[in-house]
>>> print(open('query-v6.cif').read())   # mmCIF, C-alpha atoms
data_final
#
loop_
_atom_site.label_atom_id
_atom_site.label_comp_id
_atom_site.auth_asym_id
_atom_site.auth_seq_id
_atom_site.Cartn_x
_atom_site.Cartn_y
_atom_site.Cartn_z
CA MET T 1 -124.22 8.15 -108.73
CA ALA T 2 -127.63 6.74 -109.45
CA GLN T 3 -129.24 10.14 -109.68
CA ILE T 4 -128.76 13.76 -108.75
CA LEU T 5 -131.09 15.00 -106.06
CA ALA T 6 -131.45 18.43 -104.53
CA PRO T 7 -128.23 19.61 -102.85
CA SER T 8 -127.95 19.94 -99.11
CA VAL T 9 -129.20 23.20 -97.64
CA GLN T 10 -126.26 23.35 -95.26
CA TRP T 11 -123.28 24.48 -97.31
CA GLN T 12 -120.13 23.84 -95.35
CA THR T 13 -118.40 27.16 -95.84
CA ARG T 14 -120.16 27.96 -92.55
CA LEU T 15 -120.74 25.98 -89.37
CA THR T 16 -124.00 26.49 -87.52
CA LYS T 17 -123.98 26.82 -83.75
CA SER T 18 -125.91 23.60 -83.34
CA SER T 19 -123.60 21.62 -85.61
CA ILE T 20 -120.43 22.18 -83.60
CA LYS T 21 -122.00 20.65 -80.50
CA ALA T 22 -122.19 17.23 -82.11
CA SER T 23 -120.57 14.37 -80.20
CA PRO T 24 -117.20 13.09 -81.43
CA LEU T 25 -116.89 9.67 -83.01
CA THR T 26 -116.49 6.70 -80.71
CA SER T 27 -113.82 4.04 -80.42
CA LYS T 28 -116.07 1.35 -81.89
CA MET T 29 -115.64 2.92 -85.29
CA TRP T 30 -111.86 2.59 -85.17
CA SER T 31 -111.35 -0.57 -83.13
CA SER T 32 -111.00 -2.95 -86.08
CA LEU T 33 -108.64 -0.65 -87.96
CA VAL T 34 -105.76 -0.56 -85.48
CA VAL T 35 -104.00 -2.67 -82.89
CA LYS T 36 -106.27 -3.23 -79.89
CA GLN T 37 -105.06 -3.05 -76.34
CA SER T 38 -105.70 -5.85 -73.88
CA LYS T 39 -108.90 -5.49 -71.89
CA LYS T 40 -106.91 -5.19 -68.68
CA GLY T 41 -106.42 -1.53 -67.86
CA ALA T 42 -108.31 -0.31 -70.91
CA VAL T 43 -109.60 3.26 -70.79
CA LYS T 44 -113.34 3.31 -70.13
CA SER T 45 -114.34 6.41 -72.07
CA SER T 46 -115.62 7.47 -75.45
CA THR T 47 -112.13 7.41 -76.95
CA LYS T 48 -111.66 7.54 -80.68
CA PHE T 49 -108.13 6.21 -81.21
CA ARG T 50 -105.80 3.44 -80.20
CA VAL T 51 -102.09 4.23 -80.07
CA LEU T 52 -99.89 1.88 -82.05
CA ALA T 53 -96.87 0.74 -80.06
CA VAL T 54 -94.90 -2.40 -79.31
CA ASN T 55 -94.75 -2.17 -75.50
CA SER T 56 -97.65 -0.97 -73.37
CA SER T 57 -96.81 -2.84 -70.15
CA ASP T 58 -95.92 0.31 -68.19
CA GLY T 59 -99.24 2.05 -68.86
CA THR T 60 -97.64 4.81 -70.94
CA ILE T 61 -99.84 3.98 -73.90
CA ASN T 62 -102.98 4.33 -71.79
CA ARG T 63 -101.91 7.79 -70.66
CA VAL T 64 -101.11 8.95 -74.19
CA GLU T 65 -104.43 7.60 -75.36
CA GLN T 66 -106.25 9.51 -72.64
CA LEU T 67 -104.54 12.74 -73.70
CA LEU T 68 -105.26 12.16 -77.38
CA ASN T 69 -108.95 11.80 -76.66
CA LEU T 70 -109.21 14.40 -73.94
CA ASP T 71 -112.14 16.79 -74.41
CA VAL T 72 -110.77 20.21 -73.47
CA THR T 73 -114.08 22.03 -74.05
CA PRO T 74 -114.97 22.27 -70.31
CA TYR T 75 -111.60 23.85 -69.53
CA THR T 76 -111.03 26.42 -72.27
CA ASP T 77 -112.80 28.33 -75.04
CA LYS T 78 -109.80 27.81 -77.30
CA ILE T 79 -110.07 25.41 -80.23
CA ILE T 80 -107.65 23.67 -82.58
CA ALA T 81 -107.93 24.53 -86.26
CA GLU T 82 -106.25 22.16 -88.72
CA TYR T 83 -105.30 24.24 -91.80
CA ILE T 84 -105.35 22.01 -94.92
CA TRP T 85 -103.92 22.84 -98.33
CA ILE T 86 -102.86 21.15 -101.58
CA GLY T 87 -99.12 20.56 -101.98
CA GLY T 88 -96.74 20.95 -104.88
CA THR T 89 -97.70 17.78 -106.75
CA GLY T 90 -101.24 19.06 -107.09
CA ILE T 91 -102.61 15.89 -105.49
CA ASP T 92 -100.93 15.70 -102.06
CA VAL T 93 -102.68 17.19 -99.04
CA ARG T 94 -100.72 18.99 -96.31
CA SER T 95 -101.87 20.35 -92.98
CA LYS T 96 -100.76 21.93 -89.74
CA SER T 97 -102.52 23.00 -86.56
CA ARG T 98 -102.96 26.27 -84.69
CA THR T 99 -104.86 27.47 -81.66
CA ILE T 100 -107.82 29.81 -82.17
CA SER T 101 -109.06 31.84 -79.20
CA LYS T 102 -112.72 30.80 -79.52
CA PRO T 103 -115.08 28.73 -81.68
CA VAL T 104 -115.83 30.14 -85.14
CA GLU T 105 -118.68 29.73 -87.59
CA HIS T 106 -117.24 31.14 -90.83
CA PRO T 107 -113.79 31.09 -92.48
CA SER T 108 -113.73 34.90 -92.54
CA GLU T 109 -113.30 34.79 -88.75
CA LEU T 110 -110.01 32.88 -89.10
CA PRO T 111 -106.58 34.49 -89.57
CA LYS T 112 -104.43 33.91 -92.63
CA TRP T 113 -101.36 31.80 -91.97
CA ASN T 114 -98.17 30.81 -93.79
CA TYR T 115 -95.91 27.84 -94.40
CA ASP T 116 -92.55 26.95 -95.94
CA GLY T 117 -93.33 26.50 -99.62
CA SER T 118 -89.79 25.34 -100.38
CA SER T 119 -90.55 22.16 -98.42
CA THR T 120 -93.68 21.40 -100.48
CA GLY T 121 -92.28 22.19 -103.93
CA GLN T 122 -94.23 25.46 -104.16
CA ALA T 123 -91.62 28.18 -103.59
CA PRO T 124 -87.84 28.70 -103.81
CA GLY T 125 -85.76 28.54 -100.63
CA GLU T 126 -84.73 32.17 -100.81
CA ASP T 127 -88.38 33.32 -100.91
CA SER T 128 -90.26 30.42 -99.40
CA GLU T 129 -93.24 31.95 -97.62
CA VAL T 130 -96.65 30.93 -98.94
CA ILE T 131 -99.81 32.40 -97.41
CA LEU T 132 -102.87 30.31 -96.50
CA TYR T 133 -106.31 31.87 -96.99
CA PRO T 134 -109.09 30.02 -95.09
CA GLN T 135 -111.97 29.20 -97.47
CA ALA T 136 -114.21 26.52 -95.91
CA ILE T 137 -114.55 24.92 -92.49
CA PHE T 138 -115.67 21.48 -91.36
CA LYS T 139 -115.99 19.81 -87.97
CA ASP T 140 -112.95 17.77 -86.94
CA PRO T 141 -113.90 14.09 -86.44
CA PHE T 142 -110.47 13.25 -85.03
CA ARG T 143 -110.35 15.82 -82.21
CA GLY T 144 -114.09 16.29 -81.70
CA GLY T 145 -115.46 19.17 -79.63
CA ASN T 146 -115.45 22.58 -81.28
CA ASN T 147 -112.24 21.81 -83.20
CA ILE T 148 -112.31 22.33 -86.97
CA LEU T 149 -110.72 21.44 -90.27
CA VAL T 150 -110.02 24.42 -92.54
CA ILE T 151 -109.71 24.11 -96.32
CA CYS T 152 -107.33 26.81 -97.55
CA ASP T 153 -105.96 28.02 -100.84
CA THR T 154 -102.48 29.43 -101.37
CA TYR T 155 -101.00 32.81 -102.30
CA THR T 156 -97.76 34.72 -102.47
CA PRO T 157 -97.15 37.40 -99.79
CA ALA T 158 -98.22 39.94 -102.44
CA GLY T 159 -101.63 38.26 -102.68
CA GLU T 160 -101.17 36.48 -106.03
CA PRO T 161 -102.42 32.88 -106.30
CA ILE T 162 -99.52 30.45 -106.70
CA PRO T 163 -99.57 28.08 -109.72
CA THR T 164 -100.93 25.10 -107.76
CA ASN T 165 -103.87 27.16 -106.45
CA LYS T 166 -106.60 25.85 -108.75
CA ARG T 167 -109.38 27.00 -106.44
CA TYR T 168 -108.77 30.65 -107.33
CA LYS T 169 -109.69 30.27 -111.00
CA ALA T 170 -112.57 27.95 -110.16
CA ALA T 171 -114.02 30.58 -107.82
CA GLN T 172 -113.84 33.13 -110.66
CA VAL T 173 -115.76 30.78 -112.99
CA PHE T 174 -118.41 30.05 -110.36
CA SER T 175 -118.88 33.75 -109.60
CA ASP T 176 -119.64 34.59 -113.25
CA PRO T 177 -123.28 35.79 -113.46
CA LYS T 178 -124.09 33.30 -116.24
CA VAL T 179 -122.84 30.41 -114.12
CA VAL T 180 -124.50 31.67 -110.94
CA ALA T 181 -127.85 31.88 -112.74
CA GLU T 182 -127.60 28.24 -113.85
CA VAL T 183 -126.88 26.89 -110.32
CA PRO T 184 -124.52 24.07 -111.44
CA TRP T 185 -124.84 20.83 -109.46
CA TYR T 186 -122.09 18.23 -109.21
CA GLY T 187 -122.06 14.65 -107.97
CA ILE T 188 -118.52 13.29 -107.87
CA GLU T 189 -117.68 9.57 -107.65
CA GLN T 190 -114.22 9.25 -106.10
CA GLU T 191 -112.58 5.86 -106.63
CA TYR T 192 -109.46 4.90 -104.71
CA THR T 193 -107.25 1.86 -104.06
CA LEU T 194 -105.91 0.60 -100.73
CA LEU T 195 -102.39 -0.82 -100.66
CA GLN T 196 -100.44 -2.92 -98.18
CA THR T 197 -97.90 -0.69 -96.47
CA ASN T 198 -94.55 -2.35 -97.12
CA VAL T 199 -95.11 -3.97 -100.49
CA LYS T 200 -97.41 -1.34 -102.11
CA TRP T 201 -99.65 -4.13 -103.42
CA PRO T 202 -103.47 -3.99 -103.18
CA LEU T 203 -105.05 -4.83 -99.84
CA GLY T 204 -106.24 -8.43 -99.73
CA TRP T 205 -104.05 -9.56 -102.62
CA PRO T 206 -101.39 -12.25 -102.08
CA VAL T 207 -97.99 -10.56 -101.99
CA GLY T 208 -96.49 -10.78 -105.47
CA GLY T 209 -99.53 -12.64 -106.71
CA TYR T 210 -103.05 -12.07 -107.96
CA PRO T 211 -106.53 -12.91 -106.72
CA GLY T 212 -109.14 -14.52 -108.93
CA PRO T 213 -110.36 -12.52 -111.94
CA GLN T 214 -112.78 -9.61 -111.59
CA GLY T 215 -116.45 -10.37 -111.17
CA PRO T 216 -117.09 -11.40 -107.56
CA TYR T 217 -115.77 -8.25 -105.89
CA TYR T 218 -118.04 -5.37 -106.94
CA CYS T 219 -120.33 -4.43 -104.01
CA ALA T 220 -119.51 -7.84 -102.51
CA ALA T 221 -119.51 -9.15 -98.95
CA GLY T 222 -117.22 -11.79 -97.50
CA ALA T 223 -113.65 -12.11 -96.26
CA ASP T 224 -112.51 -13.51 -99.61
CA LYS T 225 -114.11 -10.74 -101.67
CA SER T 226 -114.18 -7.51 -99.68
CA PHE T 227 -110.95 -5.95 -98.44
CA GLY T 228 -110.94 -2.66 -96.52
CA ARG T 229 -114.61 -2.26 -95.59
CA ASP T 230 -113.73 -0.91 -92.13
CA ILE T 231 -111.75 1.89 -93.71
CA SER T 232 -114.60 2.72 -96.07
CA ASP T 233 -117.14 2.74 -93.24
CA ALA T 234 -114.89 4.77 -90.93
CA HIS T 235 -114.41 7.31 -93.71
CA TYR T 236 -118.16 7.44 -94.36
CA LYS T 237 -118.90 8.28 -90.73
CA ALA T 238 -116.03 10.76 -90.49
CA CYS T 239 -117.39 12.62 -93.54
CA LEU T 240 -120.91 12.75 -92.10
CA TYR T 241 -119.54 14.03 -88.79
CA ALA T 242 -117.44 16.68 -90.55
CA GLY T 243 -120.41 17.97 -92.55
CA ILE T 244 -119.17 16.75 -95.92
CA ASN T 245 -122.05 16.11 -98.32
CA ILE T 246 -121.18 12.43 -98.80
CA SER T 247 -124.02 10.53 -100.44
CA GLY T 248 -122.82 6.92 -100.56
CA THR T 249 -120.00 4.40 -100.87
CA ASN T 250 -119.39 0.96 -102.38
CA GLY T 251 -116.78 -1.65 -103.10
CA GLU T 252 -115.44 -1.49 -106.64
CA VAL T 253 -114.78 -3.97 -109.45
CA MET T 254 -111.09 -4.49 -108.63
CA PRO T 255 -110.54 -6.04 -105.19
CA GLY T 256 -109.02 -3.56 -102.73
CA GLN T 257 -110.63 -0.67 -104.60
CA TRP T 258 -113.48 1.45 -103.21
CA GLU T 259 -115.57 4.45 -104.14
CA PHE T 260 -117.36 7.20 -102.26
CA GLN T 261 -119.72 9.78 -103.73
CA VAL T 262 -120.00 13.44 -102.78
CA GLY T 263 -122.90 15.60 -103.85
CA PRO T 264 -125.04 17.01 -105.15
CA SER T 265 -122.95 20.08 -104.42
CA VAL T 266 -123.31 23.57 -105.86
CA GLY T 267 -120.37 25.27 -107.58
CA ILE T 268 -117.13 25.67 -105.65
CA GLU T 269 -118.54 23.61 -102.77
CA ALA T 270 -117.96 20.42 -104.78
CA GLY T 271 -114.19 20.92 -104.81
CA ASP T 272 -114.02 21.92 -101.14
CA HIS T 273 -115.93 18.81 -100.08
CA ILE T 274 -113.92 16.37 -102.22
CA TRP T 275 -110.60 17.76 -100.97
CA CYS T 276 -111.70 17.56 -97.35
CA ALA T 277 -113.00 14.02 -97.90
CA ARG T 278 -109.65 13.04 -99.42
CA TYR T 279 -107.85 14.51 -96.41
CA LEU T 280 -110.02 12.48 -94.03
CA LEU T 281 -109.30 9.33 -96.04
CA GLU T 282 -105.55 9.99 -95.87
CA ARG T 283 -105.77 10.40 -92.09
CA ILE T 284 -107.86 7.25 -91.61
CA THR T 285 -105.59 5.08 -93.76
CA GLU T 286 -102.63 6.54 -91.85
CA GLN T 287 -104.31 5.46 -88.61
CA ALA T 288 -105.04 2.01 -90.03
CA GLY T 289 -101.53 1.45 -91.38
CA VAL T 290 -102.73 1.19 -94.98
CA VAL T 291 -101.54 3.20 -98.00
CA LEU T 292 -104.03 5.18 -100.10
CA THR T 293 -103.40 5.68 -103.80
CA LEU T 294 -105.37 7.70 -106.35
CA ASP T 295 -103.37 6.28 -109.26
CA PRO T 296 -105.79 5.89 -112.21
CA LYS T 297 -104.35 2.48 -113.14
CA PRO T 298 -102.64 1.02 -110.07
CA ILE T 299 -102.39 -2.50 -111.51
CA GLU T 300 -101.66 -3.12 -115.17
CA GLY T 301 -103.47 -5.85 -117.05
CA ASP T 302 -107.07 -7.05 -116.95
CA TRP T 303 -108.04 -4.92 -113.95
CA ASN T 304 -110.25 -1.86 -113.76
CA GLY T 305 -108.62 1.50 -113.27
CA ALA T 306 -109.76 4.19 -110.86
CA GLY T 307 -111.77 7.18 -112.04
CA CYS T 308 -113.59 10.16 -110.66
CA HIS T 309 -116.80 10.23 -112.72
CA THR T 310 -118.40 13.65 -112.48
CA ASN T 311 -122.18 14.03 -112.72
CA TYR T 312 -123.22 17.50 -113.82
CA SER T 313 -126.38 19.47 -114.40
CA THR T 314 -127.52 23.06 -114.72
CA LEU T 315 -130.86 24.64 -113.93
CA SER T 316 -131.77 24.57 -117.63
CA MET T 317 -130.93 20.85 -117.83
CA ARG T 318 -133.14 20.09 -114.85
CA GLU T 319 -136.17 21.95 -116.22
CA GLU T 320 -138.60 20.90 -118.96
CA GLY T 321 -136.81 20.58 -122.29
CA GLY T 322 -133.54 19.99 -120.47
CA PHE T 323 -132.47 17.07 -122.65
CA ASP T 324 -131.92 19.47 -125.55
CA VAL T 325 -129.72 21.59 -123.27
CA ILE T 326 -127.80 18.46 -122.29
CA LYS T 327 -127.22 17.62 -125.97
CA LYS T 328 -125.89 21.12 -126.60
CA ALA T 329 -123.54 20.70 -123.63
CA ILE T 330 -122.34 17.36 -125.03
CA LEU T 331 -121.66 19.02 -128.35
CA ASN T 332 -119.53 21.71 -126.66
CA LEU T 333 -117.69 19.06 -124.64
CA SER T 334 -116.88 17.14 -127.83
CA LEU T 335 -115.29 20.22 -129.36
CA ARG T 336 -113.03 20.75 -126.34
CA HIS T 337 -112.21 17.08 -125.75
CA LYS T 338 -108.43 17.60 -125.83
CA GLU T 339 -108.58 20.51 -123.39
CA HIS T 340 -110.60 18.44 -120.95
CA ILE T 341 -108.41 15.34 -121.26
CA SER T 342 -105.29 17.40 -120.56
CA ALA T 343 -106.90 18.65 -117.33
CA TYR T 344 -108.48 15.41 -116.14
CA GLY T 345 -105.56 13.81 -114.28
CA GLU T 346 -102.02 12.48 -114.73
CA GLY T 347 -101.63 8.96 -116.11
CA ASN T 348 -105.18 8.88 -117.45
CA GLU T 349 -103.95 7.45 -120.74
CA ARG T 350 -103.25 4.17 -118.90
CA ARG T 351 -106.91 4.04 -117.83
CA LEU T 352 -108.86 5.40 -120.83
CA THR T 353 -108.15 2.52 -123.21
CA GLY T 354 -111.65 1.67 -124.41
CA LYS T 355 -111.67 -1.34 -122.08
CA HIS T 356 -112.84 -1.84 -118.49
CA GLU T 357 -115.82 0.51 -118.74
CA THR T 358 -113.91 3.38 -120.34
CA ALA T 359 -113.88 5.19 -123.67
CA SER T 360 -110.72 5.66 -125.70
CA ILE T 361 -108.76 8.72 -124.63
CA ASP T 362 -108.38 9.74 -128.28
CA GLN T 363 -112.02 9.65 -129.30
CA PHE T 364 -115.00 11.49 -127.83
CA SER T 365 -118.27 9.60 -127.60
CA TRP T 366 -121.60 9.75 -125.83
CA GLY T 367 -124.51 7.41 -125.27
CA VAL T 368 -127.52 6.58 -123.17
CA ALA T 369 -126.74 4.09 -120.36
CA ASN T 370 -123.40 3.30 -122.06
CA ARG T 371 -120.51 3.09 -119.61
CA GLY T 372 -118.06 2.72 -122.47
CA CYS T 373 -118.61 6.32 -123.60
CA SER T 374 -116.95 9.59 -122.67
CA ILE T 375 -120.30 11.05 -121.63
CA ARG T 376 -123.12 8.88 -120.32
CA VAL T 377 -126.76 9.97 -120.11
CA GLY T 378 -129.01 7.94 -117.82
CA ARG T 379 -132.19 6.21 -118.91
CA ASP T 380 -134.25 8.34 -116.53
CA THR T 381 -132.90 11.51 -118.09
CA GLU T 382 -133.80 10.28 -121.57
CA LYS T 383 -137.26 9.19 -120.44
CA GLU T 384 -138.10 12.38 -118.53
CA GLY T 385 -136.50 14.71 -121.07
CA LYS T 386 -134.43 16.44 -118.41
CA GLY T 387 -131.77 15.64 -115.81
CA TYR T 388 -128.00 15.42 -115.92
CA LEU T 389 -124.98 14.00 -117.71
CA GLU T 390 -122.06 11.96 -116.41
CA ASP T 391 -118.53 12.79 -117.56
CA ARG T 392 -116.68 9.47 -117.23
CA ARG T 393 -113.30 10.78 -118.37
CA PRO T 394 -111.80 12.27 -115.16
CA ALA T 395 -109.14 10.14 -113.44
CA SER T 396 -109.18 9.37 -109.74
CA ASN T 397 -106.34 11.86 -109.19
CA MET T 398 -108.10 14.75 -110.92
CA ASP T 399 -108.37 18.14 -109.22
CA PRO T 400 -112.09 18.70 -108.52
CA TYR T 401 -111.65 22.47 -108.71
CA VAL T 402 -110.29 22.12 -112.25
CA VAL T 403 -112.85 19.58 -113.48
CA THR T 404 -115.96 21.26 -112.07
CA ALA T 405 -114.92 24.71 -113.27
CA LEU T 406 -114.00 23.43 -116.74
CA LEU T 407 -117.38 21.73 -117.14
CA ALA T 408 -119.14 24.98 -116.28
CA GLU T 409 -116.85 27.02 -118.51
CA THR T 410 -117.26 24.75 -121.56
CA THR T 411 -121.02 24.36 -121.28
CA LEU T 412 -122.02 27.83 -120.05
CA LEU T 413 -119.36 30.37 -121.03
CA TRP T 414 -117.66 29.02 -124.17
CA GLU T 415 -119.34 29.33 -127.57
CA PRO T 416 -118.14 27.38 -130.64
CA THR T 417 -118.38 28.73 -134.17
CA LEU T 418 -121.53 27.79 -136.05
CA GLU T 419 -119.49 25.79 -138.57
CA ALA T 420 -117.72 23.77 -135.87
CA GLU T 421 -121.00 23.20 -134.08
CA ALA T 422 -122.69 21.92 -137.24
CA LEU T 423 -119.84 19.52 -138.05
CA ALA T 424 -119.72 18.18 -134.50
CA ALA T 425 -123.49 17.71 -134.39
CA GLN T 426 -123.36 15.71 -137.61
CA LYS T 427 -120.47 13.58 -136.37
CA LEU T 428 -122.18 12.80 -133.05
CA ALA T 429 -125.64 12.43 -134.59
CA LEU T 430 -126.92 15.16 -132.27
CA LYS T 431 -129.91 17.26 -133.19
CA VAL T 432 -129.53 20.55 -131.34
#
>>> encode(input="query-v6.cif", output="structure tokens")
Amino acid sequence: MAQILAPSVQWQTRLTKSSIKASPLTSKMWSSLVVKQSKKGAVKSSTKFRVLAVNSSDGTINRVEQLLNLDVTPYTDKIIAEYIWIGGTGIDVRSKSRTISKPVEHPSELPKWNYDGSSTGQAPGEDSEVILYPQAIFKDPFRGGNNILVICDTYTPAGEPIPTNKRYKAAQVFSDPKVVAEVPWYGIEQEYTLLQTNVKWPLGWPVGGYPGPQGPYYCAAGADKSFGRDISDAHYKACLYAGINISGTNGEVMPGQWEFQVGPSVGIEAGDHIWCARYLLERITEQAGVVLTLDPKPIEGDWNGAGCHTNYSTLSMREEGGFDVIKKAILNLSLRHKEHISAYGEGNERRLTGKHETASIDQFSWGVANRGCSIRVGRDTEKEGKGYLEDRRPASNMDPYVVTALLAETTLLWEPTLEAEALAAQKLALKV
């Protein structure tokens, strides 16, 4: 992200009454993503989806489409809540739907639910029940109306967080008085790659072959340089509709690769918003017939990997004299480099090679305006003497709950020994 601004006032753990009356997204947003019907007999309404099918001559497709996009608000107070959770791999998103008797504004108004954890790799078959606790709600851009998406975390029937529930520990970190007082802001840059469905090769690439070398594709326009823009734009609008604090998007260096930014977000909100944004992206690529991957190095060779750069600041960093606080944070981060790397995503060693705008995975470094470092500080921050830092180490498949909480823990709660601090400061040429 270019800079961190003030976070949105509307935190999406709650929906305001005015927000849930927003109009659903229209068909124009989706029309170029999926197979279009013939103009003859087309539904003249504000539909959002087209149904993919081979034969629509009997009108069945039109009827299904009408039902998919039917606004039930005038006929019932009931709404559909899509409960979303993280599966057993720690990166897959799962969801299922239930009827709620009336519109809600806060997750505390929603019931807990359960699912078969043995089918997601999160529980044994003989004791498979996992309980879903609603934690944040967003408007549903797919169903429209008062319908909602619900970000949940996962527990045993006894109320213990299961191992893949990373939100639980993050919430503990963000509720610590020291962390609360520092109001940590996060701006997360989520990179992703779009793949052709059957061959699992990047979108726009010749099957089994390669496009021209990197250079023309970053933030580019044109049919020979930009592949997947409709998906990126559809996702952008879906996030805005849902209430996700998305702040921008752009095409990336490798063709078929894109990025969206979420933030500034405060504390646990950052993880909730990234996970919901990822869910929306999975649904949109599903609708478009394209495969989404968060692999940090989807194509070997002279091609950029995919990261999830995390911009971070505290109240003390944003105030006068904040650059000294940033340097102290960098020092702490250097001393826990291995702990952070181990938590920053699977397969990151294939990405953090010291090439393609990355630092070596084995060596911590920092610099001003240097995208080849572990931690980058912007020119504006150096000039103004306050601001934020960018941690460029997280992989695209990182868990935002883990990364955001670990940054807060290392910089606000963890204290190194004076000897270790002095040695690290000397090594990094940091005066703190």
>>> resolve_selection(input="query-v6.cif", expression="the PyMOL selection byres ((chain T and resi 231) around 10)", output="list in words")
Met29, Trp30, Ser32, Leu33, Leu194, Phe227, Gly228, Arg229, Asp230, Ser232, Asp233, Ala234, His235, Tyr236, Trp258, Leu281, Ile284, Thr285, Gln287, Ala288 and Val290 of chain T
>>> resolve_selection(input="query-v6.cif", expression="the PyMOL selection byres ((chain T and resi 215-218) around 12)", output="PyMOL selection string")
chain T and resi 204+211-214+219-229+249-259+302-304+356
>>> residues_near_point(input="query-v6.cif", point="(-109.9, 6.5, -107.5)", cutoff="6 Å", atoms="all atoms listed in the file", output="list of chain:residue names")
T:Gln190, T:Glu191, T:Tyr192, T:Leu294, T:Ala306, T:Gly307, T:Ser396
>>> closest_residue(input="query-v6.cif", among="T:Asn332, T:Ser365, T:Ser360, T:Asn397", to="Cys308 in chain T", atoms="all atoms listed in the file")
T:Asn397
>>> resolve_selection(input="query-v6.cif", expression="the PyMOL selection byres ((chain T and resi 380) around 12)", output="list in words")
Ala2, Gln3, Ile4, Arg318, Phe323, Val368, Ala369, Arg376, Val377, Gly378, Arg379, Thr381, Glu382, Lys383, Glu384, Gly385, Lys386, Gly387, Tyr388 and Leu389 of chain T
>>> atom_distance(input="query-v6.cif", atom1="CA of Val325 in chain T", atom2="CA of Asn370 in chain T")
19.4 Å
>>> residues_around(input="query-v6.cif", residues="Trp366 in chain T", least_positions_apart="6", cutoff="6 Å", atoms="only C-alpha atoms", output="ChimeraX atom specification")
/T:373-376
>>> residues_around(input="query-v6.cif", residues="Ala420 in chain T", least_positions_apart="6", cutoff="12 Å", atoms="all atoms listed in the file", output="tab-separated table (two decimals) with C-alpha atoms, keeping the file's coordinate frame")
chain	number	residue	atom	x	y	z
T	331	LEU	CA	-121.66	19.02	-128.35
T	332	ASN	CA	-119.53	21.71	-126.66
T	334	SER	CA	-116.88	17.14	-127.83
T	335	LEU	CA	-115.29	20.22	-129.36
T	336	ARG	CA	-113.03	20.75	-126.34
T	426	GLN	CA	-123.36	15.71	-137.61
T	427	LYS	CA	-120.47	13.58	-136.37
>>> atom_distance(input="query-v6.cif", atom1="CA of Arg278 in chain T", atom2="CA of Arg94 in chain T")
11.2 Å
>>> atom_distance(input="query-v6.cif", atom1="CA of Pro296 in chain T", atom2="CA of Thr358 in chain T")
11.8 Å
>>> closest_residue(input="query-v6.cif", among="T:Pro184, T:Gly125, T:Gly345, T:Gly88", to="Pro264 in chain T", atoms="all atoms listed in the file")
T:Pro184
>>> residues_near_point(input="query-v6.cif", point="(-123.7, 18.1, -113.3)", cutoff="8 Å", atoms="all atoms listed in the file", output="PyMOL selection string")
chain T and resi 184-187+310-314+388-390
>>> closest_residue(input="query-v6.cif", among="T:Val93, T:Leu132, T:Ile137, T:Val150", to="Glu105 in chain T", atoms="all atoms listed in the file")
T:Ile137
>>> residues_around(input="query-v6.cif", residues="range 267-271 of chain T", least_positions_apart="2", cutoff="6 Å", atoms="all atoms listed in the file", output="list in words")
Phe174, Pro184, Ser265, His273, Ile274, Pro400 and Tyr401 of chain T
>>> closest_residue(input="query-v6.cif", among="T:Leu292, T:Val183, T:Ile330, T:Ala429", to="Ser316 in chain T", atoms="all atoms listed in the file")
T:Val183
>>> closest_residue(input="query-v6.cif", among="T:Gly322, T:Pro157, T:Pro141, T:Gly305", to="Ala242 in chain T", atoms="all atoms listed in the file")
T:Pro141
>>> residues_around(input="query-v6.cif", residues="Ile246 in chain T", least_positions_apart="3", cutoff="8 Å", atoms="only C-alpha atoms", output="VMD selection string")
chain T and resid 236 239 to 240 260 to 263
>>> residues_around(input="query-v6.cif", residues="Asp140 in chain T", least_positions_apart="3", cutoff="8 Å", atoms="all atoms listed in the file", output="list in words")
Arg143, Gly144, Gly145, Asn146, Asn147, Ile148, Leu149, Tyr241 and Ala242 of chain T
>>> write_last_selection(input="query-v6.cif", atoms="C-alpha atoms", output="PDB file, in the frame of the given file")
ATOM      1  CA  ARG T 143    -110.350  15.820 -82.210  1.00  0.00           C
ATOM      2  CA  GLY T 144    -114.090  16.290 -81.700  1.00  0.00           C
ATOM      3  CA  GLY T 145    -115.460  19.170 -79.630  1.00  0.00           C
ATOM      4  CA  ASN T 146    -115.450  22.580 -81.280  1.00  0.00           C
ATOM      5  CA  ASN T 147    -112.240  21.810 -83.200  1.00  0.00           C
ATOM      6  CA  ILE T 148    -112.310  22.330 -86.970  1.00  0.00           C
ATOM      7  CA  LEU T 149    -110.720  21.440 -90.270  1.00  0.00           C
ATOM      8  CA  TYR T 241    -119.540  14.030 -88.790  1.00  0.00           C
ATOM      9  CA  ALA T 242    -117.440  16.680 -90.550  1.00  0.00           C
TER      10      ALA T 242
END
>>> closest_residue(input="query-v6.cif", among="T:Val72, T:Val403, T:Leu110, T:Ala395", to="Ile361 in chain T", atoms="only C-alpha atoms")
T:Ala395
